[in-house]
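A.B. asks: Following this line is entry.cif, made up of mmCIF, C-alpha atoms, pLDDT in the B column; chains and numbers go by the auth columns:
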data_entry
#
loop_
_atom_site.group_PDB
_atom_site.id
_atom_site.type_symbol
_atom_site.label_atom_id
_atom_site.label_comp_id
_atom_site.label_asym_id
_atom_site.label_seq_id
_atom_site.Cartn_x
_atom_site.Cartn_y
_atom_site.Cartn_z
_atom_site.B_iso_or_equiv
_atom_site.auth_seq_id
_atom_site.auth_asym_id
ATOM 1 C CA MET A 1 0.000 0.000 0.000 52.00 1 A
ATOM 2 C CA THR A 2 1.676 3.192 -1.154 56.00 2 A
ATOM 3 C CA ASN A 3 -0.004 6.280 0.172 66.00 3 A
ATOM 4 C CA SER A 4 1.412 9.718 -0.243 85.00 4 A
ATOM 5 C CA LYS A 5 2.513 11.294 3.000 87.00 5 A
ATOM 6 C CA ILE A 6 -0.226 13.454 4.522 86.00 6 A
ATOM 7 C CA THR A 7 0.988 16.879 5.622 88.00 7 A
ATOM 8 C CA ILE A 8 -1.321 19.530 6.996 89.00 8 A
ATOM 9 C CA LYS A 9 -0.588 23.068 5.900 88.00 9 A
ATOM 10 C CA GLY A 10 -2.112 25.992 7.757 88.00 10 A
ATOM 11 C CA VAL A 11 -5.067 25.926 10.091 92.00 11 A
ATOM 12 C CA PRO A 12 -8.798 25.689 9.493 94.00 12 A
ATOM 13 C CA PRO A 13 -10.420 29.050 8.739 95.00 13 A
ATOM 14 C CA LYS A 14 -12.057 30.865 11.631 96.00 14 A
ATOM 15 C CA TRP A 15 -14.956 33.284 11.699 97.00 15 A
ATOM 16 C CA ASP A 16 -13.916 36.483 9.948 97.00 16 A
ATOM 17 C CA ASP A 17 -16.304 39.444 10.036 97.00 17 A
ATOM 18 C CA ALA A 18 -14.696 40.961 6.922 97.00 18 A
ATOM 19 C CA GLU A 19 -15.109 37.683 4.999 97.00 19 A
ATOM 20 C CA PHE A 20 -18.722 37.369 6.112 98.00 20 A
ATOM 21 C CA GLU A 21 -19.542 40.969 5.177 98.00 21 A
ATOM 22 C CA ALA A 22 -17.843 40.519 1.796 98.00 22 A
ATOM 23 C CA ARG A 23 -20.042 37.481 1.145 97.00 23 A
ATOM 24 C CA VAL A 24 -23.146 39.428 2.180 98.00 24 A
ATOM 25 C CA ASP A 25 -22.172 42.440 0.050 97.00 25 A
ATOM 26 C CA GLY A 26 -21.672 40.172 -2.956 97.00 26 A
ATOM 27 C CA TRP A 27 -25.115 38.637 -2.590 98.00 27 A
ATOM 28 C CA VAL A 28 -26.786 41.980 -1.876 97.00 28 A
ATOM 29 C CA ASN A 29 -25.245 43.298 -5.099 97.00 29 A
ATOM 30 C CA VAL A 30 -26.659 40.285 -6.942 97.00 30 A
ATOM 31 C CA TYR A 31 -30.024 40.886 -5.276 98.00 31 A
ATOM 32 C CA ARG A 32 -30.151 44.565 -6.190 96.00 32 A
ATOM 33 C CA GLY A 33 -28.751 44.002 -9.689 95.00 33 A
ATOM 34 C CA THR A 34 -31.328 41.415 -10.714 96.00 34 A
ATOM 35 C CA THR A 35 -35.088 40.993 -10.621 97.00 35 A
ATOM 36 C CA GLN A 36 -34.800 39.460 -7.132 97.00 36 A
ATOM 37 C CA CYS A 37 -35.486 42.929 -5.686 98.00 37 A
ATOM 38 C CA MET A 38 -38.553 43.243 -7.897 98.00 38 A
ATOM 39 C CA GLU A 39 -41.986 41.758 -8.340 98.00 39 A
ATOM 40 C CA HIS A 40 -43.504 40.878 -11.696 98.00 40 A
ATOM 41 C CA VAL A 41 -46.985 42.356 -12.152 98.00 41 A
ATOM 42 C CA ARG A 42 -49.100 40.731 -14.845 97.00 42 A
ATOM 43 C CA SER A 43 -52.690 40.695 -16.008 97.00 43 A
ATOM 44 C CA PRO A 44 -54.420 39.653 -19.231 97.00 44 A
ATOM 45 C CA LEU A 45 -56.730 42.688 -19.190 96.00 45 A
ATOM 46 C CA PRO A 46 -55.357 46.240 -19.474 95.00 46 A
ATOM 47 C CA HIS A 47 -57.649 47.810 -16.868 96.00 47 A
ATOM 48 C CA ASP A 48 -56.863 45.087 -14.321 97.00 48 A
ATOM 49 C CA PHE A 49 -53.171 45.563 -15.067 97.00 49 A
ATOM 50 C CA LEU A 50 -53.395 49.311 -14.409 97.00 50 A
ATOM 51 C CA GLU A 51 -55.260 48.689 -11.167 97.00 51 A
ATOM 52 C CA LEU A 52 -52.570 46.222 -10.058 98.00 52 A
ATOM 53 C CA VAL A 53 -49.820 48.731 -10.855 98.00 53 A
ATOM 54 C CA ALA A 54 -51.702 51.497 -9.023 98.00 54 A
ATOM 55 C CA SER A 55 -52.156 49.230 -6.018 98.00 55 A
ATOM 56 C CA LYS A 56 -48.438 48.398 -5.954 98.00 56 A
ATOM 57 C CA VAL A 57 -47.485 52.095 -6.293 98.00 57 A
ATOM 58 C CA ALA A 58 -49.749 52.852 -3.324 98.00 58 A
ATOM 59 C CA LYS A 59 -47.749 50.269 -1.320 98.00 59 A
ATOM 60 C CA GLY A 60 -44.431 51.921 -2.244 98.00 60 A
ATOM 61 C CA TYR A 61 -43.432 49.943 -5.318 98.00 61 A
ATOM 62 C CA THR A 62 -41.926 51.737 -8.323 98.00 62 A
ATOM 63 C CA VAL A 63 -41.828 50.694 -11.969 97.00 63 A
ATOM 64 C CA ALA A 64 -38.434 49.250 -12.890 97.00 64 A
ATOM 65 C CA ARG A 65 -37.143 51.408 -15.714 96.00 65 A
ATOM 66 C CA ASN A 66 -34.444 48.915 -16.631 95.00 66 A
ATOM 67 C CA GLN A 67 -37.001 46.177 -17.463 96.00 67 A
ATOM 68 C CA ALA A 68 -39.412 45.938 -20.371 96.00 68 A
ATOM 69 C CA VAL A 69 -43.085 46.857 -20.052 97.00 69 A
ATOM 70 C CA THR A 70 -45.326 44.594 -22.117 96.00 70 A
ATOM 71 C CA HIS A 71 -48.644 45.684 -23.624 94.00 71 A
ATOM 72 C CA GLU A 72 -49.930 42.930 -25.869 95.00 72 A
ATOM 73 C CA ALA A 73 -53.336 41.381 -26.274 93.00 73 A
ATOM 74 C CA PHE A 74 -54.086 39.459 -23.063 96.00 74 A
ATOM 75 C CA ASN A 75 -50.539 40.028 -21.836 96.00 75 A
ATOM 76 C CA HIS A 76 -49.816 43.180 -19.865 98.00 76 A
ATOM 77 C CA SER A 77 -46.877 43.113 -17.500 98.00 77 A
ATOM 78 C CA CYS A 78 -44.007 45.012 -15.934 98.00 78 A
ATOM 79 C CA TRP A 79 -41.436 44.598 -13.201 98.00 79 A
ATOM 80 C CA MET A 80 -41.853 46.729 -10.093 98.00 80 A
ATOM 81 C CA ILE A 81 -39.109 47.424 -7.570 98.00 81 A
ATOM 82 C CA LYS A 82 -40.054 46.415 -4.045 98.00 82 A
ATOM 83 C CA PRO A 83 -40.284 49.157 -1.404 98.00 83 A
ATOM 84 C CA GLU A 84 -37.199 49.641 0.781 97.00 84 A
ATOM 85 C CA LEU A 85 -38.806 47.845 3.780 97.00 85 A
ATOM 86 C CA HIS A 86 -39.460 44.749 1.665 97.00 86 A
ATOM 87 C CA GLN A 87 -35.943 44.897 0.276 98.00 87 A
ATOM 88 C CA GLN A 88 -34.481 45.223 3.770 98.00 88 A
ATOM 89 C CA LYS A 89 -36.421 42.118 4.850 98.00 89 A
ATOM 90 C CA ASP A 90 -34.991 40.257 1.828 98.00 90 A
ATOM 91 C CA VAL A 91 -31.466 41.469 2.685 98.00 91 A
ATOM 92 C CA ASP A 92 -31.964 40.359 6.306 98.00 92 A
ATOM 93 C CA ASP A 93 -33.023 36.928 4.994 98.00 93 A
ATOM 94 C CA ILE A 94 -29.900 36.845 2.791 98.00 94 A
ATOM 95 C CA ARG A 95 -27.745 37.635 5.862 98.00 95 A
ATOM 96 C CA ILE A 96 -29.379 34.807 7.825 98.00 96 A
ATOM 97 C CA ARG A 97 -28.942 32.328 4.972 98.00 97 A
ATOM 98 C CA LEU A 98 -25.326 33.341 4.363 98.00 98 A
ATOM 99 C CA LYS A 99 -24.478 33.165 8.068 98.00 99 A
ATOM 100 C CA THR A 100 -25.829 29.625 8.168 98.00 100 A
ATOM 101 C CA GLU A 101 -23.865 28.688 5.029 98.00 101 A
ATOM 102 C CA TYR A 102 -20.677 30.337 6.346 98.00 102 A
ATOM 103 C CA VAL A 103 -20.969 28.548 9.704 98.00 103 A
ATOM 104 C CA GLU A 104 -21.561 25.216 7.910 98.00 104 A
ATOM 105 C CA PHE A 105 -18.489 25.881 5.739 98.00 105 A
ATOM 106 C CA LEU A 106 -16.336 26.690 8.790 98.00 106 A
ATOM 107 C CA GLN A 107 -17.567 23.597 10.634 98.00 107 A
ATOM 108 C CA ALA A 108 -16.899 21.399 7.600 98.00 108 A
ATOM 109 C CA GLU A 109 -13.383 22.815 7.276 97.00 109 A
ATOM 110 C CA HIS A 110 -12.773 22.217 10.988 97.00 110 A
ATOM 111 C CA VAL A 111 -13.855 18.585 10.627 97.00 111 A
ATOM 112 C CA ARG A 112 -11.754 18.213 7.446 96.00 112 A
ATOM 113 C CA TYR A 113 -8.631 19.463 9.242 95.00 113 A
ATOM 114 C CA GLN A 114 -9.330 17.131 12.184 95.00 114 A
ATOM 115 C CA ASP A 115 -9.643 14.205 9.764 95.00 115 A
ATOM 116 C CA LEU A 116 -6.391 15.181 8.051 94.00 116 A
ATOM 117 C CA LEU A 117 -4.596 15.422 11.401 94.00 117 A
ATOM 118 C CA ARG A 118 -6.021 12.065 12.459 95.00 118 A
ATOM 119 C CA GLN A 119 -4.801 10.481 9.202 94.00 119 A
ATOM 120 C CA GLN A 120 -1.406 12.178 9.550 94.00 120 A
ATOM 121 C CA LEU A 121 -0.981 10.881 13.119 94.00 121 A
ATOM 122 C CA ILE A 122 -2.054 7.360 12.131 95.00 122 A
ATOM 123 C CA GLN A 123 0.358 7.456 9.198 95.00 123 A
ATOM 124 C CA ALA A 124 3.228 8.629 11.444 93.00 124 A
ATOM 125 C CA GLN A 125 2.453 5.923 14.051 96.00 125 A
ATOM 126 C CA GLU A 126 2.314 3.236 11.361 95.00 126 A
ATOM 127 C CA ALA A 127 5.653 4.452 9.956 94.00 127 A
ATOM 128 C CA LYS A 128 7.257 4.212 13.452 96.00 128 A
ATOM 129 C CA GLU A 129 5.841 0.722 13.960 96.00 129 A
ATOM 130 C CA GLN A 130 7.062 -0.351 10.520 95.00 130 A
ATOM 131 C CA GLN A 131 10.547 1.044 11.261 96.00 131 A
ATOM 132 C CA LYS A 132 10.645 -0.857 14.585 96.00 132 A
ATOM 133 C CA ALA A 133 9.556 -4.057 12.829 96.00 133 A
ATOM 134 C CA ASP A 134 12.179 -3.545 10.094 95.00 134 A
ATOM 135 C CA ASP A 135 14.916 -2.858 12.682 95.00 135 A
ATOM 136 C CA ALA A 136 13.951 -5.962 14.703 95.00 136 A
ATOM 137 C CA ARG A 137 13.911 -8.113 11.544 96.00 137 A
ATOM 138 C CA ASN A 138 17.318 -6.793 10.449 96.00 138 A
ATOM 139 C CA LYS A 139 18.722 -7.472 13.941 96.00 139 A
ATOM 140 C CA ARG A 140 17.373 -11.036 13.838 96.00 140 A
ATOM 141 C CA LEU A 141 18.864 -11.564 10.385 95.00 141 A
ATOM 142 C CA LEU A 142 22.281 -10.375 11.644 95.00 142 A
ATOM 143 C CA GLU A 143 22.035 -12.723 14.637 94.00 143 A
ATOM 144 C CA ILE A 144 21.084 -15.609 12.320 94.00 144 A
ATOM 145 C CA ASP A 145 23.979 -14.806 9.974 91.00 145 A
ATOM 146 C CA LYS A 146 26.382 -14.756 12.959 90.00 146 A
ATOM 147 C CA GLU A 147 25.014 -18.091 14.204 90.00 147 A
ATOM 148 C CA VAL A 148 25.411 -19.604 10.743 89.00 148 A
ATOM 149 C CA SER A 149 29.001 -18.267 10.511 85.00 149 A
ATOM 150 C CA ASP A 150 29.815 -19.585 13.995 84.00 150 A
ATOM 151 C CA THR A 151 28.347 -23.015 13.231 87.00 151 A
ATOM 152 C CA TYR A 152 30.193 -23.607 10.000 84.00 152 A
ATOM 153 C CA SER A 153 33.806 -22.700 9.621 77.00 153 A
ATOM 154 C CA PRO A 154 34.957 -21.485 6.242 79.00 154 A
ATOM 155 C CA LEU A 155 35.394 -24.200 3.645 79.00 155 A
ATOM 156 C CA VAL A 156 39.038 -25.231 3.355 83.00 156 A
ATOM 157 C CA ILE A 157 40.170 -26.541 0.016 87.00 157 A
ATOM 158 C CA PRO A 158 43.678 -27.962 -0.155 88.00 158 A
ATOM 159 C CA GLY A 159 45.841 -26.481 -2.835 78.00 159 A
#
As structure tokens, how would this structure be written, given the file I've shared?

C.D. replies:
Amino acid sequence: MTNSKITIKGVPPKWDDAEFEARVDGWVNVYRGTTQCMEHVRSPLPHDFLELVASKVAKGYTVARNQAVTHEAFNHSCWMIKPELHQQKDVDDIRIRLKTEYVEFLQAEHVRYQDLLRQQLIQAQEAKEQQKADDARNKRLLEIDKEVSDTYSPLVIPG
């Protein structure tokens, strides 16, 4: 069995506020840069569509100017940006989800490093035991060779 020698480099990552905030900022940028911070308003009838839009505006929504507005037969729709309170709730949910994911990542890394250390220690112990066994075997072979040499004198051939 030929395994490569296990060597641990570094230590498992620990909680880092800057790393966590960078992860949150990245996801908040994704949230704000996509339709995740919006709601799609749609109705087949134009009057119903206008009433839906008016209702959303009354609740603080605004029409997303970077998304298309569709006015086709039986298909009226637009994207509306959620009010700041709704967006803050979504961002709070993102923070909670990311904290859970970050903690799970840190715990998994901690376990991975423990497993590596365990394997490294087992490997080192097995190497010591193998060295002891090899040394004992070599010592026995030397003793056997000496006993063989002592038992039989060198062969003498007359000239």

A.B. asks: Evaluate the PyMOL selection byres ((chain A and resi 7) around 9) here and jot the selected residues down as a list in words.

C.D. replies: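 Applying the PyMOL selection byres ((chain A and resi 7) around 9) to the structure shown produces Lys5, Ile6, Ile8, Lys9, Leu116, Leu117 and Gln120 of chain A.
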
A.B. asks: Any chance you could work out the residue set of the PyMOL selection byres ((chain A and resi 40-46) around 8) here, as a PDB file with C-alpha atoms, keeping the file's coordinate frame?

C.D. replies:
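Contents of expr-v1.pdb, as written:
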ATOM      1  CA  MET A  38     -38.553  43.243  -7.897  1.00 98.00           C
ATOM      2  CA  GLU A  39     -41.986  41.758  -8.340  1.00 98.00           C
ATOM      3  CA  HIS A  47     -57.649  47.810 -16.868  1.00 96.00           C
ATOM      4  CA  ASP A  48     -56.863  45.087 -14.321  1.00 97.00           C
ATOM      5  CA  PHE A  49     -53.171  45.563 -15.067  1.00 97.00           C
ATOM      6  CA  LEU A  50     -53.395  49.311 -14.409  1.00 97.00           C
ATOM      7  CA  LEU A  52     -52.570  46.222 -10.058  1.00 98.00           C
ATOM      8  CA  VAL A  53     -49.820  48.731 -10.855  1.00 98.00           C
ATOM      9  CA  HIS A  71     -48.644  45.684 -23.624  1.00 94.00           C
ATOM     10  CA  ALA A  73     -53.336  41.381 -26.274  1.00 93.00           C
ATOM     11  CA  PHE A  74     -54.086  39.459 -23.063  1.00 96.00           C
ATOM     12  CA  ASN A  75     -50.539  40.028 -21.836  1.00 96.00           C
ATOM     13  CA  HIS A  76     -49.816  43.180 -19.865  1.00 98.00           C
ATOM     14  CA  SER A  77     -46.877  43.113 -17.500  1.00 98.00           C
ATOM     15  CA  CYS A  78     -44.007  45.012 -15.934  1.00 98.00           C
ATOM     16  CA  TRP A  79     -41.436  44.598 -13.201  1.00 98.00           C
ATOM     17  CA  MET A  80     -41.853  46.729 -10.093  1.00 98.00           C
TER      18      MET A  80
END

A.B. asks: What is the distance between atom CA of A:Thr70 and atom CA of A:Pro83, in Å to one decimal?

C.D. replies: 21.8 Å

A.B. asks: Please evaluate the PyMOL selection byres ((chain A and resi 85-98) around 10) against the structure above and give the resulting residues as a list in words.

C.D. replies: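 Applied to this file, the PyMOL selection byres ((chain A and resi 85-98) around 10) selects Phe20, Glu21, Arg23, Val24, Asp25, Trp27, Val28, Tyr31, Arg32, Gln36, Cys37, Met38, Gly60, Tyr61, Ile81, Lys82, Pro83, Glu84, Lys99, Thr100, Glu101, Tyr102, Val103 and Glu104 of chain A.
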
A.B. asks: Show me a table, sorted first by chain and then by increasing residue number, of the residues of stretch 10-129 of chain A having an atom at most 10 Å from stretch 133-136 of chain A, each with its shortest atom pair and the distance in Å to one decimal, counting all atoms listed in the file and written as a Markdown table.

C.D. replies:
| residue | atom | partner | partner_atom | distance |
| --- | --- | --- | --- | --- |
| A:Ala127 | CA | A:Ala133 | CA | 9.8 |
| A:Lys128 | CA | A:Ala133 | CA | 8.6 |
| A:Glu129 | CA | A:Ala133 | CA | 6.2 |

A.B. asks: What is the atom CA of A:Asn29-atom CA of A:Lys14 distance in Å, reported with one decimal?

C.D. replies: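 We find that atom CA of A:Asn29 and atom CA of A:Lys14 lie 24.7 Å from each other.
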
A.B. asks: How many Å lie between atom CA of A:Phe105 and atom CA of A:Asp16, rounded to one decimal?

C.D. replies: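 Going from atom CA of A:Phe105 over to atom CA of A:Asp16 covers 12.3 Å.
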